[in-house]
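Structure below is protein_13.cif: mmCIF, C-alpha atoms.
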```cif
data_my_file
loop_
_atom_site.group_PDB
_atom_site.id
_atom_site.type_symbol
_atom_site.label_atom_id
_atom_site.label_comp_id
_atom_site.auth_asym_id
_atom_site.auth_seq_id
_atom_site.Cartn_x
_atom_site.Cartn_y
_atom_site.Cartn_z
ATOM 1 C CA MET A 1 -100.201 -135.889 106.985
ATOM 2 C CA ILE A 2 -97.443 -136.628 109.482
ATOM 3 C CA PHE A 3 -98.275 -134.886 112.746
ATOM 4 C CA GLU A 4 -96.608 -135.367 116.100
ATOM 5 C CA GLY A 5 -96.364 -133.123 119.146
ATOM 6 C CA PHE A 6 -94.379 -133.604 122.340
ATOM 7 C CA ALA A 7 -93.141 -131.484 125.244
ATOM 8 C CA VAL A 8 -89.446 -130.610 125.534
ATOM 9 C CA GLY A 9 -87.312 -128.924 128.164
ATOM 10 C CA PRO A 10 -87.934 -127.863 131.762
ATOM 11 C CA ILE A 11 -90.762 -125.482 130.795
ATOM 12 C CA GLU A 12 -92.353 -128.244 128.698
ATOM 13 C CA SER A 13 -92.683 -126.326 125.462
ATOM 14 C CA ASN A 14 -94.461 -128.231 122.726
ATOM 15 C CA CYS A 15 -92.384 -129.170 119.694
ATOM 16 C CA TYR A 16 -94.265 -130.333 116.599
ATOM 17 C CA ILE A 17 -93.242 -132.372 113.584
ATOM 18 C CA VAL A 18 -95.473 -131.872 110.536
ATOM 19 C CA GLY A 19 -94.979 -133.263 107.065
ATOM 20 C CA ASP A 20 -95.866 -135.297 104.025
ATOM 21 C CA GLU A 21 -96.329 -139.038 104.435
ATOM 22 C CA GLN A 22 -95.267 -139.751 100.853
ATOM 23 C CA THR A 23 -92.046 -137.731 100.658
ATOM 24 C CA LYS A 24 -91.181 -138.053 104.376
ATOM 25 C CA GLU A 25 -90.207 -134.378 104.328
ATOM 26 C CA VAL A 26 -91.167 -132.525 107.497
ATOM 27 C CA VAL A 27 -91.152 -129.187 109.260
ATOM 28 C CA VAL A 28 -89.950 -129.075 112.858
ATOM 29 C CA ILE A 29 -91.831 -126.368 114.738
ATOM 30 C CA ASP A 30 -90.345 -124.840 117.906
ATOM 31 C CA PRO A 31 -87.354 -127.032 118.806
ATOM 32 C CA GLY A 32 -87.151 -125.525 122.273
ATOM 33 C CA ALA A 33 -84.871 -128.059 123.973
ATOM 34 C CA ASP A 34 -83.807 -131.714 123.932
ATOM 35 C CA GLY A 35 -82.279 -131.498 120.467
ATOM 36 C CA ARG A 36 -81.009 -135.081 120.503
ATOM 37 C CA ARG A 37 -84.486 -136.327 121.357
ATOM 38 C CA ILE A 38 -85.985 -134.419 118.429
ATOM 39 C CA LEU A 39 -83.333 -135.766 116.070
ATOM 40 C CA ASN A 40 -83.893 -139.317 117.309
ATOM 41 C CA ARG A 41 -87.588 -139.042 116.461
ATOM 42 C CA LEU A 42 -86.727 -137.924 112.950
ATOM 43 C CA GLU A 43 -84.161 -140.679 112.473
ATOM 44 C CA ASP A 44 -86.331 -143.433 113.942
ATOM 45 C CA LYS A 45 -89.106 -142.676 111.457
ATOM 46 C CA GLY A 46 -86.891 -141.942 108.470
ATOM 47 C CA LEU A 47 -87.973 -138.317 108.227
ATOM 48 C CA HIS A 48 -86.078 -135.501 106.529
ATOM 49 C CA CYS A 49 -86.367 -132.107 108.209
ATOM 50 C CA LYS A 50 -86.513 -129.552 105.408
ATOM 51 C CA TYR A 51 -87.587 -126.530 107.462
ATOM 52 C CA ILE A 52 -87.525 -125.337 111.059
ATOM 53 C CA VAL A 53 -90.295 -122.857 111.812
ATOM 54 C CA LEU A 54 -90.432 -120.809 115.005
ATOM 55 C CA THR A 55 -93.739 -119.478 116.315
ATOM 56 C CA HIS A 56 -91.772 -116.786 118.177
ATOM 57 C CA GLY A 57 -88.296 -116.088 119.473
ATOM 58 C CA HIS A 58 -88.334 -116.894 123.190
ATOM 59 C CA VAL A 59 -85.592 -119.191 124.439
ATOM 60 C CA ASP A 60 -87.953 -122.014 125.424
ATOM 61 C CA HIS A 61 -88.949 -122.319 121.763
ATOM 62 C CA ILE A 62 -85.521 -121.878 120.130
ATOM 63 C CA GLY A 63 -83.158 -123.553 122.620
ATOM 64 C CA ALA A 64 -82.360 -126.601 120.457
ATOM 65 C CA LEU A 65 -82.510 -124.759 117.146
ATOM 66 C CA ASN A 66 -78.768 -124.785 116.559
ATOM 67 C CA GLU A 67 -78.392 -128.500 117.250
ATOM 68 C CA VAL A 68 -81.323 -129.523 115.045
ATOM 69 C CA GLN A 69 -80.350 -127.166 112.226
ATOM 70 C CA LYS A 70 -76.737 -128.322 112.157
ATOM 71 C CA ALA A 71 -77.743 -131.970 112.033
ATOM 72 C CA THR A 72 -80.397 -131.569 109.342
ATOM 73 C CA GLY A 73 -79.308 -128.571 107.270
ATOM 74 C CA ALA A 74 -82.879 -127.284 107.502
ATOM 75 C CA GLU A 75 -83.876 -123.778 106.485
ATOM 76 C CA VAL A 76 -84.838 -121.676 109.527
ATOM 77 C CA MET A 77 -87.909 -119.415 109.428
ATOM 78 C CA ILE A 78 -89.271 -116.824 111.867
ATOM 79 C CA HIS A 79 -91.536 -113.799 111.508
ATOM 80 C CA LYS A 80 -89.588 -110.692 110.568
ATOM 81 C CA ALA A 81 -90.664 -108.836 113.727
ATOM 82 C CA ASP A 82 -89.026 -111.509 115.930
ATOM 83 C CA ALA A 83 -85.895 -111.927 113.804
ATOM 84 C CA ALA A 84 -83.642 -110.022 116.205
ATOM 85 C CA MET A 85 -84.541 -112.393 119.031
ATOM 86 C CA LEU A 86 -82.402 -115.146 117.503
ATOM 87 C CA ILE A 87 -79.226 -113.113 117.815
ATOM 88 C CA ASN A 88 -79.946 -111.182 121.028
ATOM 89 C CA PRO A 89 -79.883 -113.065 124.384
ATOM 90 C CA SER A 90 -81.682 -110.183 126.066
ATOM 91 C CA LYS A 91 -84.560 -110.177 123.600
ATOM 92 C CA ASN A 92 -84.985 -113.966 123.586
ATOM 93 C CA LEU A 93 -84.924 -113.929 127.423
ATOM 94 C CA SER A 94 -82.096 -116.472 127.710
ATOM 95 C CA MET A 95 -79.930 -113.911 129.501
ATOM 96 C CA PHE A 96 -82.449 -113.763 132.324
ATOM 97 C CA MET A 97 -82.452 -117.561 132.684
ATOM 98 C CA GLY A 98 -78.724 -117.879 133.199
ATOM 99 C CA GLU A 99 -78.042 -118.765 129.574
ATOM 100 C CA ASN A 100 -76.655 -116.862 126.622
ATOM 101 C CA VAL A 101 -78.463 -118.157 123.543
ATOM 102 C CA LYS A 102 -77.175 -116.304 120.501
ATOM 103 C CA LEU A 103 -77.926 -117.959 117.174
ATOM 104 C CA LYS A 104 -77.363 -117.116 113.544
ATOM 105 C CA GLU A 105 -79.925 -115.129 111.598
ATOM 106 C CA ALA A 106 -82.902 -116.932 110.076
ATOM 107 C CA ASP A 107 -82.806 -118.047 106.453
ATOM 108 C CA ARG A 108 -86.297 -116.758 105.708
ATOM 109 C CA LEU A 109 -88.319 -114.012 107.371
ATOM 110 C CA LEU A 110 -92.032 -114.679 107.400
ATOM 111 C CA GLU A 111 -95.009 -112.367 107.028
ATOM 112 C CA ASP A 112 -98.742 -112.752 107.496
ATOM 113 C CA GLY A 113 -100.257 -114.882 104.753
ATOM 114 C CA ASP A 114 -97.016 -116.570 103.706
ATOM 115 C CA LYS A 115 -97.218 -120.203 102.661
ATOM 116 C CA ILE A 116 -94.751 -122.928 103.609
ATOM 117 C CA GLN A 117 -94.873 -125.900 101.261
ATOM 118 C CA ILE A 118 -93.709 -129.289 102.465
ATOM 119 C CA GLY A 119 -94.531 -132.004 99.943
ATOM 120 C CA SER A 120 -98.292 -131.866 99.427
ATOM 121 C CA ILE A 121 -98.839 -129.981 102.711
ATOM 122 C CA THR A 122 -99.345 -126.209 102.615
ATOM 123 C CA ILE A 123 -98.886 -124.420 105.944
ATOM 124 C CA GLU A 124 -100.257 -120.880 106.182
ATOM 125 C CA VAL A 125 -98.620 -118.256 108.394
ATOM 126 C CA MET A 126 -100.923 -116.111 110.522
ATOM 127 C CA HIS A 127 -99.281 -113.157 112.253
ATOM 128 C CA THR A 128 -100.765 -112.988 115.760
ATOM 129 C CA PRO A 129 -98.786 -110.390 117.736
ATOM 130 C CA GLY A 130 -99.342 -109.808 121.426
ATOM 131 C CA HIS A 131 -97.135 -112.371 123.149
ATOM 132 C CA THR A 132 -94.249 -111.077 121.042
ATOM 133 C CA LEU A 133 -94.141 -108.603 118.179
ATOM 134 C CA GLY A 134 -93.690 -111.369 115.640
ATOM 135 C CA GLY A 135 -95.690 -114.199 117.157
ATOM 136 C CA ILE A 136 -97.351 -116.449 114.598
ATOM 137 C CA CYS A 137 -99.859 -119.278 114.384
ATOM 138 C CA LEU A 138 -99.600 -121.950 111.705
ATOM 139 C CA LYS A 139 -102.687 -123.225 109.916
ATOM 140 C CA LEU A 140 -102.010 -126.784 108.806
ATOM 141 C CA ASP A 141 -105.441 -127.097 107.194
ATOM 142 C CA GLU A 142 -108.980 -125.874 107.888
ATOM 143 C CA LYS A 143 -109.280 -128.030 111.012
ATOM 144 C CA ASN A 144 -105.835 -127.869 112.637
ATOM 145 C CA ILE A 145 -103.887 -124.825 113.844
ATOM 146 C CA ILE A 146 -100.655 -124.616 115.840
ATOM 147 C CA THR A 147 -101.077 -121.560 118.051
ATOM 148 C CA GLY A 148 -97.670 -121.203 119.706
ATOM 149 C CA ASP A 149 -97.880 -119.023 122.812
ATOM 150 C CA THR A 150 -100.809 -117.016 121.452
ATOM 151 C CA LEU A 151 -103.632 -119.263 122.648
ATOM 152 C CA PHE A 152 -103.591 -122.100 125.196
ATOM 153 C CA ALA A 153 -106.260 -124.466 126.446
ATOM 154 C CA GLY A 154 -108.111 -122.249 128.918
ATOM 155 C CA SER A 155 -105.615 -119.416 128.785
ATOM 156 C CA VAL A 156 -103.661 -117.039 126.568
ATOM 157 C CA GLY A 157 -100.013 -116.111 126.217
ATOM 158 C CA ARG A 158 -98.257 -113.772 128.607
ATOM 159 C CA SER A 159 -97.979 -110.185 127.498
ATOM 160 C CA ASP A 160 -95.684 -108.805 130.206
ATOM 161 C CA PHE A 161 -92.439 -109.581 128.385
ATOM 162 C CA PRO A 162 -90.766 -107.009 126.103
ATOM 163 C CA GLY A 163 -92.802 -106.713 122.909
ATOM 164 C CA GLY A 164 -95.942 -108.035 124.568
ATOM 165 C CA ASN A 165 -99.301 -106.273 124.507
ATOM 166 C CA HIS A 166 -102.418 -107.803 126.045
ATOM 167 C CA GLU A 167 -104.964 -105.860 123.991
ATOM 168 C CA GLN A 168 -103.101 -106.752 120.815
ATOM 169 C CA LEU A 169 -102.956 -110.411 121.867
ATOM 170 C CA ILE A 170 -106.702 -110.639 122.482
ATOM 171 C CA ASN A 171 -107.386 -108.869 119.200
ATOM 172 C CA SER A 172 -105.134 -111.352 117.374
ATOM 173 C CA ILE A 173 -107.003 -114.280 118.900
ATOM 174 C CA LYS A 174 -110.447 -112.905 118.173
ATOM 175 C CA THR A 175 -109.746 -111.778 114.602
ATOM 176 C CA LYS A 176 -107.398 -114.550 113.453
ATOM 177 C CA LEU A 177 -108.411 -117.667 115.420
ATOM 178 C CA MET A 178 -111.960 -117.360 116.681
ATOM 179 C CA VAL A 179 -113.197 -117.031 113.091
ATOM 180 C CA TYR A 180 -112.636 -120.754 112.514
ATOM 181 C CA SER A 181 -115.289 -123.410 113.097
ATOM 182 C CA ASP A 182 -115.852 -124.750 116.608
ATOM 183 C CA ASP A 183 -114.415 -128.163 115.735
ATOM 184 C CA THR A 184 -111.061 -126.739 114.631
ATOM 185 C CA ARG A 185 -108.287 -128.167 116.802
ATOM 186 C CA VAL A 186 -105.702 -125.846 118.332
ATOM 187 C CA TYR A 187 -102.257 -127.074 119.347
ATOM 188 C CA PRO A 188 -100.525 -124.609 121.676
ATOM 189 C CA GLY A 189 -96.926 -123.947 122.616
ATOM 190 C CA HIS A 190 -97.505 -125.391 126.095
ATOM 191 C CA GLY A 191 -100.044 -127.792 127.530
ATOM 192 C CA PRO A 192 -102.804 -129.888 125.952
ATOM 193 C CA SER A 193 -104.632 -129.312 122.695
ATOM 194 C CA SER A 194 -108.112 -127.813 122.605
ATOM 195 C CA SER A 195 -110.678 -126.619 120.090
ATOM 196 C CA ILE A 196 -111.956 -123.250 118.952
ATOM 197 C CA GLY A 197 -115.410 -124.126 120.286
ATOM 198 C CA SER A 198 -114.073 -125.060 123.710
ATOM 199 C CA GLU A 199 -112.083 -121.847 123.988
ATOM 200 C CA LYS A 200 -115.081 -119.752 122.955
ATOM 201 C CA LYS A 201 -117.099 -121.317 125.766
ATOM 202 C CA HIS A 202 -114.585 -121.765 128.547
ATOM 203 C CA ASN A 203 -111.549 -119.504 128.110
ATOM 204 C CA PRO A 204 -111.895 -116.770 130.771
ATOM 205 C CA PHE A 205 -109.722 -114.350 128.782
ATOM 206 C CA LEU A 206 -112.066 -114.391 125.797
#
```
Will you turn the file into structure tokens for me?
Amino acid sequence: MIFEGFAVGPIESNCYIVGDEQTKEVVVIDPGADGRRILNRLEDKGLHCKYIVLTHGHVDHIGALNEVQKATGAEVMIHKADAAMLINPSKNLSMFMGENVKLKEADRLLEDGDKIQIGSITIEVMHTPGHTLGGICLKLDEKNIITGDTLFAGSVGRSDFPGGNHEQLINSIKTKLMVYSDDTRVYPGHGPSSSIGSEKKHNPFL
């Protein structure tokens, strides 16, 4: 499996590239900024971006979406409950950061349990609301999960933005993520990776 993660933009959101080593088809997850840098990584390794998947609709995770989508022709996916955030600068918070990010509607609206197939790789969508109404985590396999802004190393996502709910967030984490084995790796929307076991032991919010 192709797997690469790197921080983009001033808030250092993590962008991930996941795909099939044989077909060289990949999914770009959360192109939050630095679109040219993301495209250069794809080009340098001869990768074809088939899909762009967004863990939620905040500006620091969608800021380079338009640039990457235009260059690759990729199909854009977001959970249905966050769909309006792509077209509304107030909902995606860009208006409050001195920007006005208004994008086109997604090509596919996701729901809990949906599967995204990229070559031989099957990515499972887990709806984990709390940070936003339509926040999702992406299970790459039984040992690797991209958690977006739901769960961080030693912390959890903010719930004080519109659509956020702390109780709902903690419930999402406990019922959707903490059920996996302790050695399962978690790759968050910001900061370093961790493991389910480490978060069970050391995360003060859990």
Identify the residues within 8 Å of coordinate (-87.3, -123.8, 115.9) (same frame as the file), considering all atoms listed in the file, and give the answer as an MDAnalysis selection string.
chainID A and resid 28:32 52:55 61:65 76:77
Generate the output file for the selected residues, C-alpha atoms, as a CSV table (one decimal), in the frame of the given file.
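Result written to selection.csv:
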```csv
chain,number,residue,atom,x,y,z
A,28,VAL,CA,-90.0,-129.1,112.9
A,29,ILE,CA,-91.8,-126.4,114.7
A,30,ASP,CA,-90.3,-124.8,117.9
A,31,PRO,CA,-87.4,-127.0,118.8
A,32,GLY,CA,-87.2,-125.5,122.3
A,52,ILE,CA,-87.5,-125.3,111.1
A,53,VAL,CA,-90.3,-122.9,111.8
A,54,LEU,CA,-90.4,-120.8,115.0
A,55,THR,CA,-93.7,-119.5,116.3
A,61,HIS,CA,-88.9,-122.3,121.8
A,62,ILE,CA,-85.5,-121.9,120.1
A,63,GLY,CA,-83.2,-123.6,122.6
A,64,ALA,CA,-82.4,-126.6,120.5
A,65,LEU,CA,-82.5,-124.8,117.1
A,76,VAL,CA,-84.8,-121.7,109.5
A,77,MET,CA,-87.9,-119.4,109.4
```
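The protein and nucleic acid residues lying at most 9 Å from Ser172 of chain A are His127, Thr128, Pro129, Gly130, Thr150, Glu167, Gln168, Lys176 and Leu177 of chain A, with all atoms listed in the file considered and sequence neighbours fewer than 4 positions away removed.
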Write to file, as a PDB file, in the coordinates of the input, the residues of the selection just made, with C-alpha atoms.
```pdb
ATOM      1  CA  HIS A 127     -99.281-113.157 112.253  1.00  0.00           C
ATOM      2  CA  THR A 128    -100.765-112.988 115.760  1.00  0.00           C
ATOM      3  CA  PRO A 129     -98.786-110.390 117.736  1.00  0.00           C
ATOM      4  CA  GLY A 130     -99.342-109.808 121.426  1.00  0.00           C
ATOM      5  CA  THR A 150    -100.809-117.016 121.452  1.00  0.00           C
ATOM      6  CA  GLU A 167    -104.964-105.860 123.991  1.00  0.00           C
ATOM      7  CA  GLN A 168    -103.101-106.752 120.815  1.00  0.00           C
ATOM      8  CA  LYS A 176    -107.398-114.550 113.453  1.00  0.00           C
ATOM      9  CA  LEU A 177    -108.411-117.667 115.420  1.00  0.00           C
TER      10      LEU A 177
END
```
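Residues selected in this file by the PyMOL selection byres ((chain A and resi 139) around 10) comprise Lys115, Thr122, Ile123, Glu124, Val125, Met126, Ile136, Cys137, Leu138, Leu140, Asp141, Glu142, Lys143, Asn144, Ile145, Ile146, Thr147, Leu177 and Val186 of chain A.
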Please evaluate the PyMOL selection byres ((chain A and resi 17) around 9) against the structure above and give the resulting residues as a list in words.
Ile2, Phe3, Glu4, Gly5, Phe6, Cys15, Tyr16, Val18, Gly19, Val26, Val27, Val28, Ile29, Ile38, Leu42 and Cys49 of chain A
Selection above as a file: C-alpha atoms, as a short mmCIF file (atom, residue, chain, number, x, y, z; two decimals), keeping the file's coordinate frame:
```
data_model
loop_
_atom_site.label_atom_id
_atom_site.label_comp_id
_atom_site.auth_asym_id
_atom_site.auth_seq_id
_atom_site.Cartn_x
_atom_site.Cartn_y
_atom_site.Cartn_z
CA ILE A 2 -97.44 -136.63 109.48
CA PHE A 3 -98.28 -134.89 112.75
CA GLU A 4 -96.61 -135.37 116.10
CA GLY A 5 -96.36 -133.12 119.15
CA PHE A 6 -94.38 -133.60 122.34
CA CYS A 15 -92.38 -129.17 119.69
CA TYR A 16 -94.26 -130.33 116.60
CA VAL A 18 -95.47 -131.87 110.54
CA GLY A 19 -94.98 -133.26 107.06
CA VAL A 26 -91.17 -132.52 107.50
CA VAL A 27 -91.15 -129.19 109.26
CA VAL A 28 -89.95 -129.07 112.86
CA ILE A 29 -91.83 -126.37 114.74
CA ILE A 38 -85.98 -134.42 118.43
CA LEU A 42 -86.73 -137.92 112.95
CA CYS A 49 -86.37 -132.11 108.21
#
```
Hits from the PyMOL selection byres ((chain A and resi 93) around 12), listed as an MDAnalysis selection string
chainID A and resid 56:63 84:92 94:102 132 161:163
Two-atom distance - atom CA of Ser195 of chain A, atom CA of Asn14 of chain A (Å):
16.5 Å
Show me, as an mmCIF file with C-alpha atoms, in the frame of the given file, the residues that have an atom within 8 Å of Arg158 of chain A when counting only C-alpha atoms, minus same-chain residues fewer than 3 positions from it.
```cif
data_model
loop_
_atom_site.group_PDB
_atom_site.id
_atom_site.type_symbol
_atom_site.label_atom_id
_atom_site.label_comp_id
_atom_site.auth_asym_id
_atom_site.auth_seq_id
_atom_site.Cartn_x
_atom_site.Cartn_y
_atom_site.Cartn_z
ATOM 1 C CA HIS A 131 -97.135 -112.371 123.149
ATOM 2 C CA ASP A 149 -97.880 -119.023 122.812
ATOM 3 C CA PHE A 161 -92.439 -109.581 128.385
ATOM 4 C CA GLY A 164 -95.942 -108.035 124.568
ATOM 5 C CA HIS A 166 -102.418 -107.803 126.045
#
```
Please provide the set of residues having any atom within 7 Å of Gly9 of chain A, restricted to only C-alpha atoms, with same-chain residues fewer than 3 positions apart removed, written as a ChimeraX atom specification.
/A:12-13,32-34
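Here atom CA of Met1 of chain A and atom CA of Val68 of chain A stand 21.5 Å from one another.
Closest approach to Ala71 of chain A from the set A:Ile11, A:Ala106, A:Leu39, A:Met178 is made by A:Leu39, with distances taken over all atoms listed in the file.
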Which value, in Å to one decimal, gives the distance between atom CA of Lys200 of chain A and atom CA of Asp182 of chain A?
8.1 Å
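Distances to Gly135 of chain A were evaluated for A:Asp82, A:Glu111, A:Asp20, A:Asp183 using only C-alpha atoms, and the minimum falls at A:Asp82.
Using all atoms listed in the file, the nearest neighbour of Gly119 of chain A within the list A:Gly46, A:Asn40, A:Thr23, A:Pro10 is A:Thr23.
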Selection as an MDAnalysis selection string: residues within 10 Å of (-82.8, -116.2, 107.0), counting all atoms listed in the file
chainID A and resid 75:78 80 83 104:110
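Distances from A:Leu151, A:Val179, A:Gln117, A:Ser159 to Pro204 of chain A were compared using all atoms listed in the file, and the smallest one belongs to A:Leu151.
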